[in-house]
$ cat protein-v1.cif   # mmCIF, C-alpha atoms
data_run
#
loop_
_atom_site.label_atom_id
_atom_site.label_comp_id
_atom_site.auth_asym_id
_atom_site.auth_seq_id
_atom_site.Cartn_x
_atom_site.Cartn_y
_atom_site.Cartn_z
CA MET A 1 17.66 2.50 9.43
CA ASP A 2 17.31 0.28 12.48
CA GLY A 3 16.73 2.17 15.70
CA GLU A 4 15.68 5.33 13.89
CA GLU A 5 12.29 6.89 14.20
CA GLN A 6 10.27 7.49 11.06
CA GLN A 7 8.45 10.82 11.21
CA PRO A 8 4.79 10.90 10.20
CA PRO A 9 3.76 13.60 7.74
CA HIS A 10 3.53 17.08 9.23
CA GLU A 11 0.04 18.42 9.57
CA ALA A 12 0.70 21.12 6.97
CA ASP A 13 1.52 18.44 4.43
CA VAL A 14 -2.00 17.07 4.52
CA GLU A 15 -4.02 20.24 4.94
CA PRO A 16 -6.61 20.61 2.22
CA VAL A 17 -7.50 24.07 0.97
CA VAL A 18 -11.13 23.66 -0.02
CA PRO A 19 -14.32 24.38 1.94
CA SER A 20 -17.03 21.81 1.96
CA GLU A 21 -20.25 22.59 3.75
CA ALA A 22 -22.98 23.49 1.30
CA SER A 23 -24.86 25.12 4.19
CA GLU A 24 -22.12 27.74 4.57
CA PRO A 25 -22.83 30.97 2.64
CA VAL A 26 -20.57 31.46 -0.35
CA PRO A 27 -20.45 34.81 -2.20
CA ARG A 28 -22.08 34.53 -5.61
CA VAL A 29 -20.71 36.05 -8.78
CA LEU A 30 -23.82 37.43 -10.45
CA SER A 31 -22.44 39.48 -13.32
CA GLY A 32 -19.32 40.70 -15.04
CA ASP A 33 -16.82 39.45 -17.58
CA PRO A 34 -15.30 36.10 -16.42
CA GLN A 35 -11.92 37.28 -17.69
CA ASN A 36 -12.03 40.19 -15.20
CA LEU A 37 -12.89 38.11 -12.15
CA SER A 38 -10.60 38.36 -9.14
CA ASP A 39 -8.96 35.20 -7.81
CA VAL A 40 -11.37 35.13 -4.88
CA ASP A 41 -14.42 35.56 -7.11
CA ALA A 42 -13.19 32.82 -9.45
CA PHE A 43 -12.61 30.53 -6.49
CA ASN A 44 -16.09 31.18 -5.15
CA LEU A 45 -17.64 30.56 -8.55
CA LEU A 46 -15.93 27.17 -8.88
CA LEU A 47 -16.78 26.39 -5.27
CA GLU A 48 -20.43 27.14 -5.87
CA MET A 49 -20.43 24.78 -8.85
CA LYS A 50 -18.85 22.08 -6.72
CA LEU A 51 -21.34 22.50 -3.88
CA LYS A 52 -24.24 22.24 -6.30
CA ARG A 53 -22.90 18.84 -7.39
CA ARG A 54 -22.47 17.68 -3.80
CA ARG A 55 -25.46 15.70 -2.57
CA GLN A 56 -26.80 16.81 0.79
CA ARG A 57 -28.14 13.30 1.37
CA PRO A 58 -25.81 11.17 -0.72
CA ASN A 59 -26.89 7.74 -1.88
CA LEU A 60 -23.89 5.75 -0.66
CA PRO A 61 -22.92 2.09 -1.14
CA ARG A 62 -23.29 -0.34 1.76
CA THR A 63 -19.50 -0.53 2.03
CA VAL A 64 -19.25 3.12 3.17
CA THR A 65 -18.85 4.03 6.85
CA GLN A 66 -19.51 7.62 7.91
CA LEU A 67 -17.44 9.28 10.63
CA VAL A 68 -17.67 12.82 12.03
CA ALA A 69 -14.73 14.79 13.43
CA GLU A 70 -14.98 17.04 16.49
CA ASP A 71 -15.09 20.16 14.31
CA GLY A 72 -17.94 18.80 12.18
CA SER A 73 -15.85 17.58 9.25
CA ARG A 74 -17.23 14.42 7.67
CA VAL A 75 -15.29 11.34 6.59
CA TYR A 76 -16.69 8.64 4.30
CA VAL A 77 -14.57 5.48 4.58
CA VAL A 78 -15.05 3.13 1.62
CA GLY A 79 -14.17 -0.44 2.63
CA THR A 80 -12.86 -2.32 -0.40
CA ALA A 81 -11.64 -5.70 -1.56
CA HIS A 82 -8.38 -5.06 -3.42
CA PHE A 83 -9.37 -7.38 -6.30
CA SER A 84 -12.98 -6.37 -6.89
CA ASP A 85 -14.80 -4.59 -9.71
CA ASP A 86 -17.65 -3.80 -7.31
CA SER A 87 -15.21 -2.00 -5.00
CA LYS A 88 -14.03 0.19 -7.87
CA ARG A 89 -17.63 1.14 -8.63
CA ASP A 90 -18.26 1.89 -4.93
CA VAL A 91 -15.29 4.28 -4.87
CA VAL A 92 -16.42 6.11 -8.02
CA LYS A 93 -20.01 6.46 -6.77
CA THR A 94 -18.96 7.76 -3.35
CA ILE A 95 -16.61 10.43 -4.72
CA ARG A 96 -19.18 11.62 -7.24
CA GLU A 97 -21.93 11.79 -4.60
CA VAL A 98 -20.04 13.68 -1.87
CA GLN A 99 -17.61 15.78 -4.00
CA PRO A 100 -14.86 15.61 -1.34
CA ASP A 101 -12.19 18.13 -0.46
CA VAL A 102 -9.66 15.36 0.21
CA VAL A 103 -9.32 11.74 -0.93
CA VAL A 104 -7.08 9.52 1.23
CA VAL A 105 -6.02 6.07 0.00
CA GLU A 106 -4.33 3.08 1.65
CA LEU A 107 -1.03 3.57 -0.17
CA CYS A 108 2.39 4.89 0.79
CA GLN A 109 5.08 6.57 -1.30
CA TYR A 110 6.69 3.20 -2.04
CA ARG A 111 3.58 2.00 -3.89
CA VAL A 112 2.43 5.24 -5.51
CA SER A 113 3.60 4.11 -8.97
CA MET A 114 0.55 1.83 -9.29
CA LEU A 115 -1.70 4.89 -9.60
CA LYS A 116 -0.44 5.88 -13.04
CA MET A 117 0.41 2.50 -14.57
CA ASP A 118 -2.06 0.93 -16.96
CA GLU A 119 -3.88 -2.29 -16.04
CA SER A 120 -1.97 -4.54 -18.46
CA THR A 121 1.43 -3.34 -17.21
CA LEU A 122 0.39 -3.78 -13.59
CA LEU A 123 -0.96 -7.25 -14.33
CA ARG A 124 2.35 -8.28 -15.90
CA GLU A 125 4.38 -6.68 -13.08
CA ALA A 126 2.29 -8.37 -10.38
CA GLN A 127 2.72 -11.82 -11.96
CA GLU A 128 6.48 -11.54 -12.47
CA LEU A 129 8.69 -12.03 -9.42
CA SER A 130 12.23 -11.53 -10.70
CA LEU A 131 15.66 -11.64 -9.05
CA GLU A 132 15.90 -7.90 -9.69
CA LYS A 133 12.75 -7.30 -7.61
CA LEU A 134 14.18 -9.44 -4.82
CA GLN A 135 17.44 -7.48 -4.83
CA GLN A 136 15.55 -4.20 -4.78
CA ALA A 137 13.40 -5.35 -1.86
CA VAL A 138 16.49 -6.48 0.09
CA ARG A 139 18.31 -3.19 -0.59
CA GLN A 140 15.26 -1.21 0.49
CA ASN A 141 14.22 -3.18 3.56
CA GLY A 142 17.15 -5.37 4.58
CA LEU A 143 17.55 -9.12 4.08
CA MET A 144 14.77 -10.56 6.23
CA SER A 145 12.27 -7.76 5.59
CA GLY A 146 13.03 -7.92 1.87
CA LEU A 147 12.42 -11.66 1.77
CA MET A 148 9.16 -11.18 3.69
CA GLN A 149 8.05 -8.52 1.22
CA MET A 150 8.78 -10.83 -1.71
CA LEU A 151 6.79 -13.62 -0.09
CA LEU A 152 3.83 -11.28 0.36
CA LEU A 153 4.20 -10.21 -3.26
CA LYS A 154 4.01 -13.89 -4.10
CA VAL A 155 0.64 -14.05 -2.33
CA SER A 156 -0.54 -11.04 -4.34
CA ALA A 157 0.82 -12.57 -7.56
CA HIS A 158 -1.04 -15.82 -6.78
CA ILE A 159 -4.34 -13.92 -6.46
CA THR A 160 -3.52 -11.92 -9.60
CA GLU A 161 -2.86 -15.09 -11.59
CA GLN A 162 -6.03 -16.75 -10.34
CA LEU A 163 -8.30 -13.77 -11.09
CA GLY A 164 -6.52 -12.15 -14.04
CA MET A 165 -6.96 -8.78 -12.30
CA ALA A 166 -4.22 -6.37 -11.20
CA PRO A 167 -4.29 -5.15 -7.56
CA GLY A 168 -5.09 -1.58 -6.54
CA GLY A 169 -7.86 -0.90 -9.06
CA GLU A 170 -9.92 0.98 -6.46
CA PHE A 171 -6.99 3.30 -5.74
CA ARG A 172 -6.53 4.12 -9.42
CA GLU A 173 -10.24 4.87 -9.71
CA ALA A 174 -10.02 7.13 -6.64
CA PHE A 175 -7.05 8.96 -8.19
CA LYS A 176 -8.91 9.54 -11.46
CA GLU A 177 -12.15 10.65 -9.81
CA ALA A 178 -10.38 13.00 -7.37
CA SER A 179 -8.82 14.80 -10.34
CA LYS A 180 -12.33 15.56 -11.65
CA VAL A 181 -13.50 17.23 -8.41
CA PRO A 182 -12.63 20.97 -8.15
CA PHE A 183 -10.02 21.74 -5.48
CA CYS A 184 -9.82 18.12 -4.32
CA LYS A 185 -6.54 17.01 -2.74
CA PHE A 186 -5.21 13.45 -3.02
CA HIS A 187 -3.25 12.03 -0.07
CA LEU A 188 -1.35 8.81 0.63
CA GLY A 189 -2.56 7.46 3.96
CA ASP A 190 -0.65 4.23 4.64
CA ARG A 191 2.44 3.73 6.76
CA PRO A 192 5.66 3.32 4.72
CA ILE A 193 6.29 -0.31 3.76
CA PRO A 194 9.85 -0.47 5.16
CA VAL A 195 8.60 0.52 8.62
CA THR A 196 5.82 -2.07 8.54
CA PHE A 197 8.05 -4.94 7.42
CA LYS A 198 10.91 -4.13 9.77
CA ARG A 199 8.54 -3.95 12.72
CA ALA A 200 6.87 -7.19 11.58
CA ILE A 201 10.17 -9.05 11.30
CA ALA A 202 11.30 -7.75 14.70
CA ALA A 203 8.11 -9.18 16.24
CA LEU A 204 8.87 -12.77 15.13
CA SER A 205 11.24 -15.36 16.47
CA PHE A 206 13.50 -17.26 14.07
CA TRP A 207 11.25 -20.33 13.95
CA GLN A 208 8.15 -18.19 13.50
CA LYS A 209 9.80 -16.59 10.46
CA VAL A 210 10.59 -20.03 9.06
CA ARG A 211 7.03 -21.28 9.57
CA LEU A 212 5.49 -18.16 8.06
CA ALA A 213 7.82 -18.28 5.05
CA TRP A 214 6.95 -21.96 4.54
CA GLY A 215 3.23 -21.18 4.50
CA LEU A 216 3.68 -18.31 2.02
CA CYS A 217 5.98 -20.31 -0.27
CA PHE A 218 3.46 -23.13 -0.71
CA LEU A 219 0.34 -21.05 -1.17
CA SER A 220 -1.59 -22.59 -4.05
CA ASP A 221 -5.31 -22.70 -3.17
CA PRO A 222 -7.55 -21.69 -6.09
CA ILE A 223 -9.48 -18.41 -5.79
CA SER A 224 -12.58 -17.36 -7.75
CA LYS A 225 -14.21 -13.99 -8.25
CA ASP A 226 -17.12 -15.23 -6.14
CA ASP A 227 -14.63 -15.80 -3.30
CA VAL A 228 -13.53 -12.17 -3.62
CA GLU A 229 -17.04 -10.78 -3.44
CA ARG A 230 -17.85 -12.99 -0.45
CA CYS A 231 -14.80 -11.49 1.21
CA LYS A 232 -15.97 -7.89 0.81
CA GLN A 233 -16.69 -7.84 4.52
CA LYS A 234 -13.00 -8.55 5.03
CA ASP A 235 -10.42 -7.85 2.34
CA LEU A 236 -9.30 -11.04 0.56
CA LEU A 237 -5.55 -10.45 0.77
CA GLU A 238 -5.74 -9.52 4.44
CA GLN A 239 -8.07 -12.45 5.14
CA MET A 240 -5.57 -14.87 3.59
CA MET A 241 -2.81 -13.25 5.61
CA ALA A 242 -4.91 -13.41 8.78
CA GLU A 243 -5.43 -17.15 8.27
CA MET A 244 -1.68 -17.69 7.88
CA ILE A 245 -0.60 -15.40 10.71
CA GLY A 246 -3.37 -16.27 13.14
CA GLU A 247 -0.88 -18.03 15.38
CA PHE A 248 1.38 -14.96 15.39
CA PRO A 249 -0.55 -12.19 17.22
CA ASP A 250 2.46 -9.86 17.21
CA LEU A 251 2.64 -10.07 13.42
CA HIS A 252 -1.07 -9.30 13.12
CA ARG A 253 -0.53 -6.31 15.38
CA THR A 254 2.21 -4.80 13.21
CA ILE A 255 0.67 -5.56 9.81
CA VAL A 256 -3.00 -4.77 10.59
CA SER A 257 -3.64 -3.11 13.95
CA GLU A 258 -0.82 -0.58 13.82
CA ARG A 259 -1.76 0.40 10.29
CA ASP A 260 -5.35 0.90 11.50
CA VAL A 261 -3.94 3.53 13.87
CA TYR A 262 -1.85 5.15 11.14
CA LEU A 263 -4.76 5.29 8.68
CA THR A 264 -6.99 6.80 11.36
CA TYR A 265 -4.36 9.44 12.08
CA MET A 266 -4.08 10.38 8.41
CA LEU A 267 -7.85 10.58 7.97
CA ARG A 268 -8.06 12.83 11.02
CA GLN A 269 -5.33 15.07 9.61
CA ALA A 270 -7.26 15.44 6.38
CA ALA A 271 -10.59 16.07 8.14
CA ARG A 272 -9.92 19.54 9.53
CA ARG A 273 -11.77 22.81 9.15
CA LEU A 274 -10.69 24.78 6.12
CA GLU A 275 -10.16 28.48 5.70
CA LEU A 276 -12.01 30.28 2.92
CA PRO A 277 -10.01 32.70 0.75
CA ARG A 278 -10.30 36.39 1.65
CA ALA A 279 -10.55 39.38 -0.69
CA SER A 280 -8.22 41.33 1.62
CA ASP A 281 -6.32 40.97 4.89
CA ALA A 282 -8.91 43.20 6.55
CA GLU A 283 -11.66 40.68 5.89
CA PRO A 284 -12.26 38.35 8.87
CA ARG A 285 -11.11 34.76 8.58
CA LYS A 286 -13.79 32.17 7.98
CA CYS A 287 -13.43 28.38 8.31
CA VAL A 288 -15.79 25.58 7.34
CA PRO A 289 -15.77 21.81 7.96
CA SER A 290 -14.28 19.55 5.28
CA VAL A 291 -15.49 16.42 3.51
CA VAL A 292 -13.06 13.52 3.14
CA VAL A 293 -13.29 10.18 1.34
CA GLY A 294 -11.01 7.38 2.60
CA VAL A 295 -10.37 4.31 0.44
CA VAL A 296 -9.04 1.39 2.51
CA GLY A 297 -9.20 -2.40 2.64
CA MET A 298 -12.36 -3.62 4.35
CA GLY A 299 -10.27 -5.29 7.04
CA HIS A 300 -9.12 -1.87 8.30
CA VAL A 301 -12.59 -0.30 8.70
CA PRO A 302 -13.38 -1.76 12.18
CA GLY A 303 -9.99 -0.61 13.47
CA ILE A 304 -10.50 2.91 12.10
CA GLU A 305 -13.93 3.11 13.75
CA LYS A 306 -12.45 1.86 17.04
CA ASN A 307 -9.58 4.38 16.99
CA TRP A 308 -11.53 7.36 15.65
CA SER A 309 -12.27 8.98 19.02
CA THR A 310 -9.17 7.82 20.93
CA ASP A 311 -5.81 9.46 21.57
CA LEU A 312 -3.27 8.09 19.09
CA ASN A 313 0.45 7.63 19.76
CA ILE A 314 1.70 7.83 16.18
CA GLN A 315 5.39 8.14 17.10
CA GLU A 316 5.41 4.75 18.80
CA ILE A 317 4.34 2.84 15.68
CA MET A 318 6.82 4.72 13.46
CA THR A 319 9.88 3.58 15.41
CA VAL A 320 11.90 0.71 13.94
CA PRO A 321 13.27 -1.40 16.83
CA PRO A 322 16.91 -2.54 16.70
CA PRO A 323 17.41 -6.17 15.62
CA SER A 324 17.19 -8.73 18.40
CA VAL A 325 19.80 -11.42 19.07
CA SER A 326 17.61 -14.03 17.39
CA SER A 327 17.17 -11.73 14.41
CA ARG A 328 20.94 -11.29 14.02
CA VAL A 329 21.47 -15.04 14.39
CA SER A 330 18.77 -15.82 11.83
CA ARG A 331 20.26 -13.27 9.44
CA LEU A 332 23.68 -14.91 9.74
CA ALA A 333 22.09 -18.35 9.34
CA VAL A 334 20.29 -17.29 6.17
CA LYS A 335 23.46 -15.77 4.75
CA ALA A 336 25.49 -18.85 5.66
CA ALA A 337 22.88 -21.14 4.11
CA PHE A 338 22.75 -19.01 0.96
CA PHE A 339 26.50 -18.89 0.44
CA GLY A 340 26.84 -22.55 1.41
CA LEU A 341 24.22 -23.53 -1.14
CA LEU A 342 25.85 -21.28 -3.73
CA GLY A 343 29.28 -22.81 -3.06
CA TYR A 344 27.97 -26.36 -3.22
CA SER A 345 26.11 -25.58 -6.45
CA LEU A 346 29.27 -24.19 -8.04
CA TYR A 347 31.27 -27.20 -6.84
CA TRP A 348 28.64 -29.65 -8.18
CA MET A 349 28.38 -27.81 -11.49
CA GLY A 350 32.18 -27.75 -11.75
CA ARG A 351 32.45 -31.51 -11.23
CA ARG A 352 29.68 -32.20 -13.71
CA THR A 353 31.24 -29.90 -16.28
CA ALA A 354 34.67 -31.47 -15.80
CA SER A 355 33.25 -35.00 -16.14
CA LEU A 356 31.38 -34.01 -19.28
CA VAL A 357 34.45 -32.42 -20.85
CA LEU A 358 36.67 -35.40 -19.98
CA SER A 359 34.18 -37.80 -21.53
CA LEU A 360 34.30 -36.08 -24.92
CA PRO A 361 36.18 -38.06 -27.67
CA ALA A 362 38.28 -35.03 -28.54
CA THR A 363 39.38 -34.67 -24.93
CA GLN A 364 40.18 -38.40 -24.70
CA TYR A 365 42.28 -38.18 -27.85
CA CYS A 366 44.23 -35.18 -26.56
CA LEU A 367 44.89 -36.85 -23.21
CA GLN A 368 46.08 -40.01 -24.98
CA ARG A 369 48.50 -38.01 -27.12
CA VAL A 370 49.84 -36.17 -24.06
CA THR A 371 50.37 -39.47 -22.22
CA GLU A 372 52.19 -41.00 -25.19
CA ALA A 373 54.40 -37.92 -25.48
CA ARG A 374 55.42 -38.16 -21.83
CA HIS A 375 56.45 -41.83 -22.21
CA LYS A 376 58.71 -41.21 -25.19
#

$ encode --input "protein-v1.cif" --output "structure tokens"
Amino acid sequence: MDGEEQQPPHEADVEPVVPSEASEPVPRVLSGDPQNLSDVDAFNLLLEMKLKRRRQRPNLPRTVTQLVAEDGSRVYVVGTAHFSDDSKRDVVKTIREVQPDVVVVELCQYRVSMLKMDESTLLREAQELSLEKLQQAVRQNGLMSGLMQMLLLKVSAHITEQLGMAPGGEFREAFKEASKVPFCKFHLGDRPIPVTFKRAIAALSFWQKVRLAWGLCFLSDPISKDDVERCKQKDLLEQMMAEMIGEFPDLHRTIVSERDVYLTYMLRQAARRLELPRASDAEPRKCVPSVVVGVVGMGHVPGIEKNWSTDLNIQEIMTVPPPSVSSRVSRLAVKAAFFGLLGYSLYWMGRRTASLVLSLPATQYCLQRVTEARHK
């Protein structure tokens, strides 16, 4: 709702529960019937297996950036192109090498459905932009934000059609690989779409919205897989957007820079020291650093590096500003244009239908009989 502040996830919501440092001593289970193991012993046995699989000096792809938190927790940020088979392989390799405690992906709750849908369904969904989708986007985000979301979906659908590849493949691979790692948590790290679009729309004047919509509507440049791979140093979708919104710095700020801050915040939340389970309350607490893998578009990696060691004001970028005067005027103008066009279309169709009906021989005969009856 306009003017309301969206709350970021509470720290407890993103706290992983798995230790990570192989250098930390972990009690070994040397003997005994596995069925008689205590919960703590079973945990330590699985943990030991996980740490044996974790590479102390992992062989990581070139697209991975390593960050270290103040408490020693390590974060491996995989920069991806959203339409790239190589990026999917990079994600799989990184997770298998480092055996993380937490995997964070550049998705929010409004896009989480893509994780469990099969490739063919996603491909069909991405290529089809229906009236129902438009209505859903408008109901969810408001008129202008909904239209903006549909235009961006059109950009994604254009890339999908050109490449024959559904978006988000690297996130689905991350989801599958995280499920194979013992005690690994999976977190959504992106800012909610409604907040991003409402803040983006609020940053534009009426004419800027018109110019941006015009550029998105007539996007038709061909794209090849080679283009995608050349864009691995900057995500293809975000690069196309950056080219179109280059003259709108405020829009770039809300769509890219602010999300850099949000993603950094979520990665920091995941990268905290973790408490080992205790056999009893009398046993002293013991914490170890965590290992986190972040999967984000390559265009966000420089911003995450820049913000990693700075103080972040997360509340500021979660606030949806009230609509400006120009926004209210543009909303009324769009509604007036829509209903005016709808009314004219109905009027034109009515006239055409009436002319067609009156020109039919049967209609002419009936009218002639009615006229003759009146003159008698």

$ atom_distance --input "protein-v1.cif" --atom1 "CA of Gly169 in chain A" --atom2 "CA of Ala271 in chain A"
24.3 Å

$ axis_aligned_box --input "protein-v1.cif" --around "range 271-283 of chain A" --padding-each-side "5 Å" --output "lines of an AutoDock Vina configuration file"
center_x = -9.2
center_y = 29.6
center_z = 4.4
size_x = 15.7
size_y = 37.1
size_z = 20.2

$ residues_around --input "protein-v1.cif" --residues "Cys287 in chain A" --least-positions-apart "6" --cutoff "7 Å" --atoms "only C-alpha atoms" --output "list in words"
Arg273, Leu274, Glu275 and Leu276 of chain A

$ atom_distance --input "protein-v1.cif" --atom1 "CA of Thr94 in chain A" --atom2 "CA of Val78 in chain A"
7.8 Å

$ atom_distance --input "protein-v1.cif" --atom1 "CA of Glu283 in chain A" --atom2 "CA of Cys184 in chain A"
24.8 Å

$ resolve_selection --input "protein-v1.cif" --expression "the PyMOL selection byres ((chain A and resi 167) around 7)" --output "PyMOL selection string"
chain A and resi 82-83+165-166+168-169

$ resolve_selection --input "protein-v1.cif" --expression "the PyMOL selection byres ((chain A and resi 188) around 9)" --output "ChimeraX atom specification"
/A:103-109,112,186-187,189-191,266

$ resolve_selection --input "protein-v1.cif" --expression "the PyMOL selection byres ((chain A and resi 95) around 10)" --output "VMD selection string"
chain A and resid 54 60 76 78 90 to 94 96 to 103 173 to 174 177 to 178 180 to 181 292 to 294

$ closest_residue --input "protein-v1.cif" --among "A:Tyr344, A:Ser290, A:Ala354, A:Ala373" --to "Val68 in chain A" --atoms "all atoms listed in the file"
A:Ser290

$ residues_around --input "protein-v1.cif" --residues "Thr80 in chain A" --least-positions-apart "6" --cutoff "8 Å" --atoms "all atoms listed in the file" --output "MDAnalysis selection string"
chainID A and resid 63 87:88 170 232 235 295:298

$ closest_residue --input "protein-v1.cif" --among "A:Val40, A:Ile193, A:Met49, A:Leu312" --to "Arg111 in chain A" --atoms "only C-alpha atoms"
A:Ile193

$ closest_residue --input "protein-v1.cif" --among "A:Trp308, A:Tyr347, A:Phe197, A:Tyr365" --to "Leu67 in chain A" --atoms "only C-alpha atoms"
A:Trp308
